[in-house]
Amino acid sequence: RYNILDLPDDILSEIADFALLTGALDEDPLAPLPLSHVCKRFRSIVIGTSKFWTTITTDMSLKSNKRILKRSKKQHLDVFCKCLGLSIDLFEHVRYNSARWKSFVLVVGMDSRTPNISILRKLPSLDLANLESICLVYGQPTHYGYKIVDNNVHRYGKLRAPKLTHLELINIVPQPFGTKKPCFTLTKLTLTFVSSWNNADEDGLDHSWNFKRLL
């Protein structure tokens, strides 16, 4: 007869991974915490297993995100800047790890003074060597707002993200690209408009044909 705690750390880590199930961490970045309360040994293993700590989000406090960032070590990160009021602080903290970003989600508002607009301006200057997908969301769909956002949001063609393959735009009308070819090649483009938003007219959506240059 063997006690489960007699198993080596790597086996216990796999057991914890199985207990969390695939995709569980996408729903709750703190999902591993209950397992860390089993006992001192489990806590050490869960806290020390970097693949459990890969989601950075404004759904949590900056303090919690700092802990997760530290525990993630060299793992690739999924970054969610969804809150118009908190995203700028989170972005400033994680931008220095941009080379580890695997996916990035950013919600912007209609006011050009919204801090998240400044995030859009800074994205092309970041090293996004491992970024595979980016999602830009216009959170306040009005005609006035999307005209302002247009001047800033369409900078994805300038991103230094050679592994980028998926671009998702929500409540944002695609705009023509410049003549300079991006350093990435998209294989998936997702355009979504909420049912209450009536500004996705034919003239606006005609711009989507410009994405053929990236596909």
# chains A, B, ... in the order shown; residues from 1 in each chain; ligands from 1
$ residues_around --residues "Pro124 in chain A" --least-positions-apart "6" --cutoff "10 Å" --atoms "only C-alpha atoms" --output "list in words"
Arg155, Tyr156, Gly157, Lys158, Leu159, Arg160 and Ala161 of chain A
$ write_last_selection --atoms "C-alpha atoms" --output "PDB file, in the first residue's frame"
ATOM      1  CA  ARG A 155      -2.814  49.341 -35.981  1.00  0.00           C
ATOM      2  CA  TYR A 156      -2.704  45.550 -36.002  1.00  0.00           C
ATOM      3  CA  GLY A 157      -1.004  45.640 -39.404  1.00  0.00           C
ATOM      4  CA  LYS A 158       1.997  47.214 -37.687  1.00  0.00           C
ATOM      5  CA  LEU A 159       2.314  44.634 -34.918  1.00  0.00           C
ATOM      6  CA  ARG A 160       5.658  42.870 -34.488  1.00  0.00           C
ATOM      7  CA  ALA A 161       3.930  39.506 -34.153  1.00  0.00           C
TER       8      ALA A 161
END
$ residues_around --residues "Cys83 in chain A" --least-positions-apart "6" --cutoff "12 Å" --atoms "only C-alpha atoms" --output "MDAnalysis selection string"
chainID A and resid 57:61 89:91 105:109 114:116 137:139
$ closest_residue --among "A:Leu12, A:Leu20, A:Leu186, A:Leu77" --to "Gly48 in chain A" --atoms "only C-alpha atoms"
A:Leu12
$ residues_around --residues "Ala129 in chain A" --least-positions-apart "6" --cutoff "12 Å" --atoms "only C-alpha atoms" --output "list in words"
His76, Asn97, Ser98, Ala99, Arg100, Trp101, Lys102, Ser103, Leu159, Arg160, Ala161, Pro162, Lys163, Leu164, Cys183 and Phe184 of chain A
